[in-house]
Amino acid sequence: MSSVSASEIKKEFLKSKIGIAGIGILVILVSISIGAAVIIPVETFQQWNNPQSWISYPKTAIPAWVNWFMFEKIPEHKILDKPNVSTKSLDDISGVSHQFHVNYVYDDFPSDFIYELTAKYSGSPLLQISVIRPDGKIIKLLSSSLPYTEDTILFNEKIFSTDGTIKKNLFLQSDQFNFPIEGFSAEDIVFSKSTDNAVLKGDYVFLVNLYGVQKESSIVGSTLIVGGKAFGIMGTDELRRDLAVGILWGTPLALFIGIAVAIGSVVMGLVYGVYAGFKGKLTDESMMRFNDVIYALPVLPFLIILAVTISNSIFLMIGFLTIFGWVGIAKVARSMALQIKTRGYVEASKMMGQKNSKIIFKHILPQLLPYAFASIAISVPAAITTEAGLSFLGLGDPSFPTWGQILHDANTYGAAARGLWWWIVPPGLMIAITGLAFVFLGNALDAIVNPKLKR
Amino acid sequence: MGLKKYLVTRGITMFGVLMVTLLLTIILVGSNMDTILKQGIAFQVRAEITADPKISDSFSDPAEFEAFVQAQTEQRVKVLGLDTPWYSPQRIGLTMYKILILDFGHATFLTSDSGSSDVKDILLEKLPRTILLFTTATIIISIIGIFLGALAGSKVGSAVDRITSTFAVVSSSFPVWWIGMLMIFLFSFVYQIFPARATPSIPPTDPGYIAALLYHMALPVITIVMIGFGAWAYLVRNFMIGIMQEDFISAKRAMGINQKKIIYGHAIKNAAPPIITILALSLSGSLGGAIITEAVFDWPGMGRLYFEAITVMDLPVIIGATYVLTVFFLISILVADLLYGYFDPRVKTGS
């Protein structure tokens with residue numbers, strides 16, 4: 001092994017196309033990680049396995065951008081929580097009005113609509129919901145009083161499109177439609193042309209009015225959800241989770257796991273191997289036999305047993321992966337140390353009476369650094385895929401959902417056989433791309449360290 | 001070093017490795033085993049008492065009944081030797097001795113398809129299936145890999161070489177099980193050519209079983225081969241490049257021996273030792289099946305057995321399977337070593 005200086009490595013590396021490609025992908029992944037940390041609050045991510053926090057999202061919705069390529073537009077799931085607010089008061093009556101603008105341009109009816117109201121009031125204010133349709137017709141959906149209360153309370157209610165009152169109100173306005181509306185669901189009527197039951201495209205305005213008599217009433221929270229089958233940039237899964245959140249946050253996690261395991265095992269392997277090679281004789285022999293034992297252990301079964309019996313915490317998992325990762329590196333490091341040991345300057349410093357630790361850290365280890373960097377890069381993909389594999393088997397750390405866990409859920413719900421490609425492709429692709437970045441880096445470094453392979 | 005002495009030292013080391021592996025497995029799962037076994041016994045005692053009206057009627061109050069159950073359970077625990085902790089030397093010793101004489105005992109929860117709970121039966125039922133799938137795939141992979149690698153290695157920088165190398169690098173970073181999911185999506189959902197689950201639905205006694213099995217096997221085999229052969233080809237290519245630079249090849253070339261004969265006649269022969277070593281290792285590795293790949297394709301082999309055993313903590317099965325896999329692995333390391341020595345005499349004579 002010829003020693004290569006750092007500046008030479010840098011020069012050679014910049015000449016290698018795949019090395020540059022690797023760096024490029026890595027830069028993108030790091031920016032995604034930073035982006036995820038900035039855009040998506042950690043709290044959202046930690047709620048990943050809490051079904052309650054995903055309740056207003058659609059089930060297995062296709063990514064919204066699919067509509068760009070579709071002739072028949074799939075209704076997009078809309079969560080509107082920023083209505084236009086206007087207040088008016090007349091004598092004793094004070095009113096709050098919330099307007100939601102829905103631009104409905106899809107070729108199918110929405111799956112439902114839900115209005116979620118949080119109001120602060122006393123007395124018994126009147127809640128009115130109506131829709132102004134693109135054809136100018138106004139349809140009253142609901143008109144009811146909120147439950148009477150003496151003291152000011154915070155009241156929360158969800159009004160579903162399947163609500164009986166809405167159905168009754170629609171039936172009373174059946175003269176607005178030229179076709180019999182019995183048997184159709186509320187969303188199929190509200191978003192329908194008046195001539196026949198086909199989607200009426202255009203701007204809809206959902207009007208929510210709350211009238212309080214003499215007493216003050218205000219709307220604290222107001223959200224309108226128009227249910228659809230397309231959502232966001234990545235779609236959602238069976239448990240209504242926004243896959244974009246999981247996939248974006250998976251990036252820093254995967255990088256962390258991969259790099260931590262790789263650095264851990266390379267450092268461990270180097271020190272172990274070099275020490276064994278340097279000491280030689282019985283120390284070397286016994287250390288290498290121990291190495292053989294670890295090498296002969298079935299890795300994945302042992303990792304599974306460890307995850308099941310001890311803990312599936314992500315930090316412990318990094319430790320377990322490191323325990324099995326250093327073995328091969330130790331073997332190579334030992335044989336390299338055996339060669340370097342015989343060189344003149346090492347012999348000389350030995351004769352000068354330098355401490356063993358000093359010789360190892362000052363004279364031998366620096367020689368192995370190029371190899372170490374190449375090994376770190378090459379070890380990362382294996383660490384990431386192994387962790388993903390364990391997560392895929394359902395042994396991942398539930399407080400840190402990784403790409404492997406998303407794929408585990410996908411497999412549990414039979415996503416492949418059901419054709420839910422947006423649930424399968426992105427996580428796996430991210431695993432592959434991340435692995436690829438490090439494989440590229442590793443290959444470029446390897447070609448510099450072992451010039452023979454280049455020819 | 002004589003061959004005999006070499007074999008003896010190797011054999012002793014491997015036996016040691018085997019014992020350490022077993023010990024580690026027992027240590028890792030031992031504490032859980034005791035709790036599970038004791039719960040099982042208490043449950044069994046209760047079930048037996050309630051099943052026999054003569055005994056259950058003879059109790060006057062629940063306290064007496066509980067005391068009786070307690071006594072019965074403790075008695076059985078003692079008979080089975082469970083009153084000493086699992087880490088006591090005699091219990092670990094007994095377990096290891098039993099395993100050495102291939103007495104794996106009975107599974108706690110799992111059974112073979114034929115209903116036997118004998119761990120040996122379960123293992124013997126799963127092993128052939130894994131061999132069928134993974135060994136077939138490994139053989140196909142190595143054949144494609146060796147030829148493609150030799151071709152690429154003899155024409156460094158050519159289109160074949162560049163495509164092979166790129167494919168190898170790219171495919172090695174894809175998890176096989178993920179490609180498996182994509183293949184199921186493509187060939188079971190979009191184009192309904194292959195079944196999504198790899199287990200045939202007809203019973204093994206049916207005459208059409210073999211055909212059905214092969215049909216169900218197609219998708220997993222294609223997936224494993226697709227992801228696997230690139231790395232093989234790349235490895236063989238790198239060996240070949242080293243050899244093609246050797247003097248004797250240049251000499252042969254100068255003598256005017258044609259390129260094909262040099263590659264497949266002389267160069268491959270010299271690249272054989274490392275290739276055969278890797279082949280032996282990957283064949284034995286294939287016996288373990290890929291736990292995850294079998295899970296994706298629902299293939300009822302060793303890998304899935306292992307996973308099922310671990311999720312329900314069926315200790316006898318876990319230990320049995322680990323033992324069998326480790327034995328195969330060690331044997332193949334030994335065989336690989338011997339083959340290496342046979343093909344490359346330098347190894348034998350060198351100290």
# chains A, B, ... in the order shown; residues from 1 in each chain; ligands from 1
call {"tool": "interface_residues", "arguments": {"of": "chain A", "to": "chain B", "cutoff": "8 Å", "atoms": "only C-alpha atoms", "output": "number ranges by chain"}}
result
A: 289, 292-293, 296-298, 300-302, 304-306, 308-309, 381-382, 385, 389, 392-393, 411, 416-419, 421, 424-425, 428, 431-433, 435-436, 439-440, 452-453, 455
call {"tool": "closest_atom_pairs", "arguments": {"of": "stretch 23-62 of chain B", "to": "stretch 66-87 of chain B", "cutoff": "8 Å", "atoms": "only C-alpha atoms", "output": "JSON lines"}}
result
{"residue": "B:Ile27", "atom": "CA", "partner": "B:Tyr87", "partner_atom": "CA", "distance": 7.4}
{"residue": "B:Gly30", "atom": "CA", "partner": "B:Trp86", "partner_atom": "CA", "distance": 6.1}
{"residue": "B:Ser31", "atom": "CA", "partner": "B:Trp86", "partner_atom": "CA", "distance": 6.6}
{"residue": "B:Asp34", "atom": "CA", "partner": "B:Trp86", "partner_atom": "CA", "distance": 6.8}
{"residue": "B:Lys38", "atom": "CA", "partner": "B:Val77", "partner_atom": "CA", "distance": 7.1}
{"residue": "B:Ile41", "atom": "CA", "partner": "B:Thr73", "partner_atom": "CA", "distance": 6.4}
{"residue": "B:Ala42", "atom": "CA", "partner": "B:Thr73", "partner_atom": "CA", "distance": 5.6}
{"residue": "B:Val45", "atom": "CA", "partner": "B:Thr73", "partner_atom": "CA", "distance": 6.5}
{"residue": "B:Arg46", "atom": "CA", "partner": "B:Val69", "partner_atom": "CA", "distance": 6.7}
{"residue": "B:Pro62", "atom": "CA", "partner": "B:Glu66", "partner_atom": "CA", "distance": 6.1}
call {"tool": "write_last_selection", "arguments": {"atoms": "C-alpha atoms", "output": "PDB file, in the first residue's frame"}}
result
ATOM      1  CA  ILE B  27     -27.815 -16.081  27.189  1.00  0.00           C
ATOM      2  CA  GLY B  30     -32.684 -17.451  28.316  1.00  0.00           C
ATOM      3  CA  SER B  31     -34.369 -15.127  30.784  1.00  0.00           C
ATOM      4  CA  ASP B  34     -38.064 -19.133  31.838  1.00  0.00           C
ATOM      5  CA  LYS B  38     -43.443 -21.056  33.755  1.00  0.00           C
ATOM      6  CA  ILE B  41     -46.964 -24.649  32.972  1.00  0.00           C
ATOM      7  CA  ALA B  42     -49.357 -22.675  35.193  1.00  0.00           C
ATOM      8  CA  VAL B  45     -52.178 -27.036  35.183  1.00  0.00           C
ATOM      9  CA  ARG B  46     -55.278 -24.845  35.292  1.00  0.00           C
ATOM     10  CA  PRO B  62     -61.319 -20.677  45.655  1.00  0.00           C
TER      11      PRO B  62
END
call {"tool": "closest_residue", "arguments": {"among": "A:Thr386, A:Ser311, A:Ser56, A:Ser391", "to": "A:Ile114", "atoms": "only C-alpha atoms"}}
result
A:Ser56
call {"tool": "atom_distance", "arguments": {"atom1": "atom CA of B:Leu127", "atom2": "atom CA of A:Gly396"}}
result
27.8 Å
call {"tool": "residues_around", "arguments": {"residues": "B:Leu148", "least_positions_apart": "2", "cutoff": "9 Å", "atoms": "only C-alpha atoms", "output": "list in words"}}
result
Ile143, Ile144, Gly145, Ile146, Ala150, Leu151, Ala152, Gly153, Val160, Asp161, Thr164, Phe229, Gly230, Trp232, Ala233, Tyr234, Val236 and Arg237 of chain B
call {"tool": "write_last_selection", "arguments": {"atoms": "C-alpha atoms", "output": "PDB file, in the first residue's frame"}}
result
ATOM      1  CA  ILE B 143     -23.064 -18.350 -13.278  1.00  0.00           C
ATOM      2  CA  ILE B 144     -24.205 -15.032 -14.727  1.00  0.00           C
ATOM      3  CA  GLY B 145     -21.746 -13.209 -12.498  1.00  0.00           C
ATOM      4  CA  ILE B 146     -18.707 -15.260 -13.476  1.00  0.00           C
ATOM      5  CA  ALA B 150     -14.867 -12.362 -16.978  1.00  0.00           C
ATOM      6  CA  LEU B 151     -16.156 -10.569 -20.049  1.00  0.00           C
ATOM      7  CA  ALA B 152     -16.053  -7.163 -18.369  1.00  0.00           C
ATOM      8  CA  GLY B 153     -12.670  -7.798 -16.781  1.00  0.00           C
ATOM      9  CA  VAL B 160     -19.847  -4.025 -21.260  1.00  0.00           C
ATOM     10  CA  ASP B 161     -17.436  -3.203 -18.472  1.00  0.00           C
ATOM     11  CA  THR B 164     -21.605  -4.011 -15.539  1.00  0.00           C
ATOM     12  CA  PHE B 229     -25.546 -10.790 -10.024  1.00  0.00           C
ATOM     13  CA  GLY B 230     -24.148  -7.280 -10.399  1.00  0.00           C
ATOM     14  CA  TRP B 232     -20.778 -10.941  -8.331  1.00  0.00           C
ATOM     15  CA  ALA B 233     -19.852  -9.746 -11.782  1.00  0.00           C
ATOM     16  CA  TYR B 234     -18.024  -6.779 -10.314  1.00  0.00           C
ATOM     17  CA  VAL B 236     -15.053 -11.412 -10.691  1.00  0.00           C
ATOM     18  CA  ARG B 237     -14.157  -8.449 -12.894  1.00  0.00           C
TER      19      ARG B 237
END
